[in-house]
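Here the structure is laid out as structure tokens; the discussion comes afterwards.
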Amino acid sequence: MGDPSVGLLRNIREGKYHGGRRPSAWNTALHANPSGEDGGCGEKEEAIGSVSDDIENEYVSDASLSTDGESDEEWGDGEDESSPRYLEACARFGAKPVSQVLKYFPHDEMIINHYGIGVRGMKALVHALKVNRTLTALHLKDNSLNEEGTQVLCEGILGNPQIEYLDLSMNKIGIRGAICLAELLKPSSGNKIVSLSVHSNRLTDRDILPLASTVGKSERLSNLDVSRNNFGEKGAVAFANSFAESRSLRTVNISWNTFFSRGCEAIAQALKLSQTLRRLDLSRCGVPDDGAEMLLEDLPGSVLEEFNLSGNAISEEVAARLLEACPNNMRLNLEQQLPTGKSRHW
């Protein structure tokens with residue numbers, strides 16, 4: 001049987017394939033580009049790995065991936081040829097073309113969750129993203145990217161100011177993936193990531209630290225989801241320091257990680273210092289009474305509007321004090337507390 005990408009590529013070139021739905025009004029506006037700006041970020045593609053930490057260098061120094069071997073192009077420059085480039089790259093890298101990918105190229109949002117595209121599929125996708133003029137959001141949940149595929153993606157979009165929303169949940173991105181994502185968040189990268197989700201990646205303290213210590217430096221990151229990983233107190237402390245430093249973070253979900261009292265102490269200090277954080281989810285994090293009391297002390301001066309502490313180990317007595325200390329403009333969730341020695345029915 002012949003290569004399925006050949007027929008699709010021929011149809012695209014003959015104008016018989018339009019990638020599914022027609023572009024929305026938003027995409028039409030992006031194509032028109034009324035401001036007259038090209039949105040480019042320069043022609044030189046940087047290599048990820050300019051980090052000082054020894055652990056980071058261990059994983060990145062020998063990983064200078066290249067997906068096309070061609071001269072670099074300015075982002076969004078010229079006619080959009082995402083579909084033919086994607087199919088050509090699939091043939092080159094031995095990846096099976098995904099029709100869902102082709103469907104979303106004309107739009108501002110690509111949703112290809114649970115497709116298992118893997119490393120070779122990501123190389124092909126990155127090849128097309130270099131010339132795409134519309135996509136601003138990439139939903140890539142559960143695609144078997146692992147560390148190498150995540151690095152391929154990050155190197156491929158490094159310096160691309162067009163991508164604002166990135167979901168890499170359930171991909172086992174590992175420490176190398178966390179390091180590469182941290183590079184995208186640095187102001188010097190040229191990227192403008194507003195929302196990042198890496199939930200359910202089994203990230204430990206060691207894995208998450210490069211990312212946790214960098215999110216506070218981002219000038220644009222507003223929404224962060226690192227829930228359902230495996231980090232503990234060290235990761236929580238690093239994130240807390242970033243919350244205090246950040247001037248852009250508004251919504252953070254670090255639920256279903258376990259950091260107990262020390263992590264709560266660091267987060268309490270961050271709540272006192274943060275001027276932007278509005279929504280924080282600490283549900284199912286093993287928060288005990290003494291950790292809750294540390295949080296309680298800084299609630300009155302916090303700018304939080306929503307605070308989720310459900311599913312922890314907070315007694316009725318401390319829960320009542322939390323509710324009493326909660327400002328009127330804050331929604332505090334204390335439901336489904338786990339049984340404690342001081343509780344009668346939770």
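Ordering of the structure tokens sets the chain letters (A, B, ...), residue numbers begin anew at 1 in every chain, and ligands are numbered from 1 in the order given.
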
- Give me the residues within 7 Å of stretch 245-249 of chain A as a ChimeraX atom specification, counting only C-alpha atoms and dropping any in the same chain fewer than 6 places off. /A:216-217,219-223,276-277

- Query: Which residues come within 10 Å of stretch 288-299 of chain A, counting only C-alpha atoms, excluding same-chain residues fewer than 3 positions away, as number ranges by chain?
  - Reply: A: 259-273, 285, 302-304, 307, 309, 312-319, 321-327, 330, 338, 340, 342

Resulting file, chosen residues, C-alpha atoms, as a PDB file, in the first residue's frame:
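Dumped everything to selection_34.pdb:
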```
ATOM      1  CA  PHE A 259       3.789  18.876  50.510  1.00  0.00           C
ATOM      2  CA  PHE A 260       2.317  19.114  54.018  1.00  0.00           C
ATOM      3  CA  SER A 261       3.355  21.863  56.482  1.00  0.00           C
ATOM      4  CA  ARG A 262       6.636  23.184  55.048  1.00  0.00           C
ATOM      5  CA  GLY A 263       5.089  23.740  51.661  1.00  0.00           C
ATOM      6  CA  CYS A 264       2.121  25.489  53.297  1.00  0.00           C
ATOM      7  CA  GLU A 265       4.448  27.831  55.165  1.00  0.00           C
ATOM      8  CA  ALA A 266       6.163  28.914  51.932  1.00  0.00           C
ATOM      9  CA  ILE A 267       2.832  29.353  50.142  1.00  0.00           C
ATOM     10  CA  ALA A 268       1.483  31.423  53.037  1.00  0.00           C
ATOM     11  CA  GLN A 269       4.435  33.802  52.679  1.00  0.00           C
ATOM     12  CA  ALA A 270       3.813  33.974  48.933  1.00  0.00           C
ATOM     13  CA  LEU A 271       0.160  34.896  49.463  1.00  0.00           C
ATOM     14  CA  LYS A 272       1.296  37.790  51.619  1.00  0.00           C
ATOM     15  CA  LEU A 273       3.588  39.112  48.863  1.00  0.00           C
ATOM     16  CA  CYS A 285      -2.297  18.194  48.911  1.00  0.00           C
ATOM     17  CA  SER A 302      -4.364  38.215  50.447  1.00  0.00           C
ATOM     18  CA  VAL A 303      -5.706  39.316  47.045  1.00  0.00           C
ATOM     19  CA  LEU A 304      -7.078  35.814  46.382  1.00  0.00           C
ATOM     20  CA  PHE A 307      -9.064  29.380  47.308  1.00  0.00           C
ATOM     21  CA  LEU A 309      -8.526  23.602  50.180  1.00  0.00           C
ATOM     22  CA  ASN A 312      -7.160  17.794  52.854  1.00  0.00           C
ATOM     23  CA  ALA A 313      -6.827  16.828  56.525  1.00  0.00           C
ATOM     24  CA  ILE A 314      -8.134  19.969  58.197  1.00  0.00           C
ATOM     25  CA  SER A 315     -10.167  19.527  61.385  1.00  0.00           C
ATOM     26  CA  GLU A 316     -13.561  21.134  61.947  1.00  0.00           C
ATOM     27  CA  GLU A 317     -12.072  23.554  64.465  1.00  0.00           C
ATOM     28  CA  VAL A 318      -9.393  24.888  62.121  1.00  0.00           C
ATOM     29  CA  ALA A 319     -11.836  24.884  59.181  1.00  0.00           C
ATOM     30  CA  ARG A 321     -11.300  29.531  61.903  1.00  0.00           C
ATOM     31  CA  LEU A 322     -10.381  29.595  58.222  1.00  0.00           C
ATOM     32  CA  LEU A 323     -13.937  30.495  57.279  1.00  0.00           C
ATOM     33  CA  GLU A 324     -13.973  33.229  59.906  1.00  0.00           C
ATOM     34  CA  ALA A 325     -10.690  34.705  58.641  1.00  0.00           C
ATOM     35  CA  CYS A 326     -11.755  34.504  55.011  1.00  0.00           C
ATOM     36  CA  PRO A 327     -12.418  37.964  53.495  1.00  0.00           C
ATOM     37  CA  MET A 330     -13.029  35.334  48.715  1.00  0.00           C
ATOM     38  CA  LEU A 338     -10.267  13.617  55.224  1.00  0.00           C
ATOM     39  CA  THR A 340      -8.515  13.641  61.423  1.00  0.00           C
ATOM     40  CA  LYS A 342     -10.027  16.233  65.884  1.00  0.00           C
TER      41      LYS A 342
END
```

- For the atom pair atom CA of A:Ser242 and atom CA of A:Ser213, what is the interatomic distance in Å to one decimal place?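 About the pair atom CA of A:Ser242 and atom CA of A:Ser213: they are 6.1 Å apart.
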
- Query: Hey, what does DSSP flag as strand (DSSP E or B) within stretch 142-340 of chain A? Can you give it to me as a list in words?
  - Reply: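 In stretch 142-340 of chain A, DSSP puts these residues in strand (DSSP E or B): Tyr165, Leu166, Asp167, Ser195, Leu196, Ser197, Asn223, Leu224, Asp225, Thr251, Val252, Asn253, Arg279, Leu280, Asp281, Glu306, Phe307, Asn308, Arg331, Leu332 and Asn333 of chain A.
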
Residues as selected, N, CA and C atoms, written as a tab-separated table (two decimals), in the first residue's frame, can you do that?
```
chain	number	residue	atom	x	y	z
A	165	TYR	N	-1.11	29.48	24.25
A	165	TYR	CA	-1.69	28.45	25.11
A	165	TYR	C	-1.05	27.11	24.78
A	166	LEU	N	-0.55	26.41	25.81
A	166	LEU	CA	0.15	25.14	25.58
A	166	LEU	C	-0.28	24.13	26.64
A	167	ASP	N	-0.84	23.02	26.19
A	167	ASP	CA	-1.26	21.94	27.09
A	167	ASP	C	-0.47	20.68	26.75
A	195	SER	N	-0.75	30.63	28.99
A	195	SER	CA	-1.33	29.53	29.75
A	195	SER	C	-0.53	28.25	29.50
A	196	LEU	N	-0.16	27.55	30.57
A	196	LEU	CA	0.62	26.32	30.47
A	196	LEU	C	0.03	25.26	31.39
A	197	SER	N	-0.20	24.06	30.83
A	197	SER	CA	-0.70	22.95	31.61
A	197	SER	C	0.22	21.75	31.44
A	223	ASN	N	-1.88	31.66	33.59
A	223	ASN	CA	-2.54	30.45	34.07
A	223	ASN	C	-1.56	29.29	34.07
A	224	LEU	N	-1.45	28.59	35.21
A	224	LEU	CA	-0.52	27.47	35.35
A	224	LEU	C	-1.22	26.30	36.02
A	225	ASP	N	-1.12	25.11	35.39
A	225	ASP	CA	-1.68	23.89	35.96
A	225	ASP	C	-0.58	22.84	36.06
A	251	THR	N	-3.95	32.52	37.99
A	251	THR	CA	-4.61	31.26	38.33
A	251	THR	C	-3.58	30.15	38.40
A	252	VAL	N	-3.52	29.44	39.53
A	252	VAL	CA	-2.55	28.35	39.71
A	252	VAL	C	-3.25	27.15	40.32
A	253	ASN	N	-3.00	25.99	39.72
A	253	ASN	CA	-3.54	24.73	40.23
A	253	ASN	C	-2.37	23.80	40.54
A	279	ARG	N	-6.65	33.06	41.92
A	279	ARG	CA	-7.25	31.74	42.12
A	279	ARG	C	-6.13	30.72	42.40
A	280	LEU	N	-6.27	30.00	43.51
A	280	LEU	CA	-5.26	29.01	43.91
A	280	LEU	C	-5.95	27.73	44.35
A	281	ASP	N	-5.52	26.61	43.78
A	281	ASP	CA	-6.11	25.30	44.12
A	281	ASP	C	-5.06	24.45	44.83
A	306	GLU	N	-10.48	33.16	44.89
A	306	GLU	CA	-10.92	31.78	45.01
A	306	GLU	C	-9.78	30.93	45.58
A	307	PHE	N	-10.08	30.18	46.63
A	307	PHE	CA	-9.06	29.38	47.31
A	307	PHE	C	-9.66	28.01	47.59
A	308	ASN	N	-9.11	26.97	46.98
A	308	ASN	CA	-9.63	25.62	47.14
A	308	ASN	C	-8.73	24.81	48.05
A	331	ARG	N	-13.92	33.26	47.83
A	331	ARG	CA	-14.66	32.00	47.88
A	331	ARG	C	-13.70	30.90	48.35
A	332	LEU	N	-13.98	30.35	49.54
A	332	LEU	CA	-13.11	29.34	50.16
A	332	LEU	C	-13.80	27.99	50.15
A	333	ASN	N	-13.15	26.99	49.57
A	333	ASN	CA	-13.71	25.64	49.48
A	333	ASN	C	-13.01	24.73	50.48
```

- Task: Measuring atom to atom with only C-alpha atoms, identify which of A:Ala124, A:Ala240, A:Phe231, A:Leu203 is nearest to A:Val215.
- Result: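 Looking only at the distances to A:Val215, the closest residue turns out to be A:Ala240.
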
- Between atom CA of A:Tyr115 and atom CA of A:Lys96, what is the distance, to one decimal in Å?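 Distance between the two atoms: 11.0 Å.
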
- Message: Set the distance at 6 Å and use only C-alpha atoms: which residues neighbour stretch 153-162 of chain A once local chain neighbours fewer than 5 positions away are removed? I'd like the list as a ChimeraX atom specification.
- Response: /A:126,136,189-192

- Message: Among stretch 94-152 of chain A, which residues does DSSP mark as helix (DSSP H, G or I) when it is run on the backbone? Keep the chain and numbering as in the structure and answer as an NGL selection string.
- Response: :A and (99-104 or 118-129 or 146-152)

- Query: Hey, can you check how far atom CA of A:Ile117 sits from atom CA of A:Ser169?
  - Reply: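 Between these atoms lies a distance of 13.9 Å.
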
- Have a look at A:Val152, A:Leu209, A:Leu135, A:Ile163 and name the one nearest to A:Lys103; count only C-alpha atoms.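 For A:Lys103, the nearest of the given residues is A:Leu135.
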
Exercise: A:Gly118 partners within 7 Å, only C-alpha atoms, chain neighbours under 3 positions left out, as a CSV table (one decimal) with C-alpha atoms, in the first residue's frame:
```
chain,number,residue,atom,x,y,z
A,121,GLY,CA,4.8,12.9,14.7
A,122,MET,CA,5.9,15.9,16.7
A,143,ASN,CA,0.4,12.1,22.9
A,144,SER,CA,3.3,9.9,24.1
A,145,LEU,CA,5.8,12.8,23.7
A,149,GLY,CA,9.1,14.9,22.0
```

- Task: Check the smallest atom-to-atom distance from each of A:Ser255, A:Asn201, A:Gln337, A:Gln275 to A:Glu147 using only C-alpha atoms, then report the winner.
- Result: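 Looking at the shortest contact to A:Glu147, the residue is A:Asn201.
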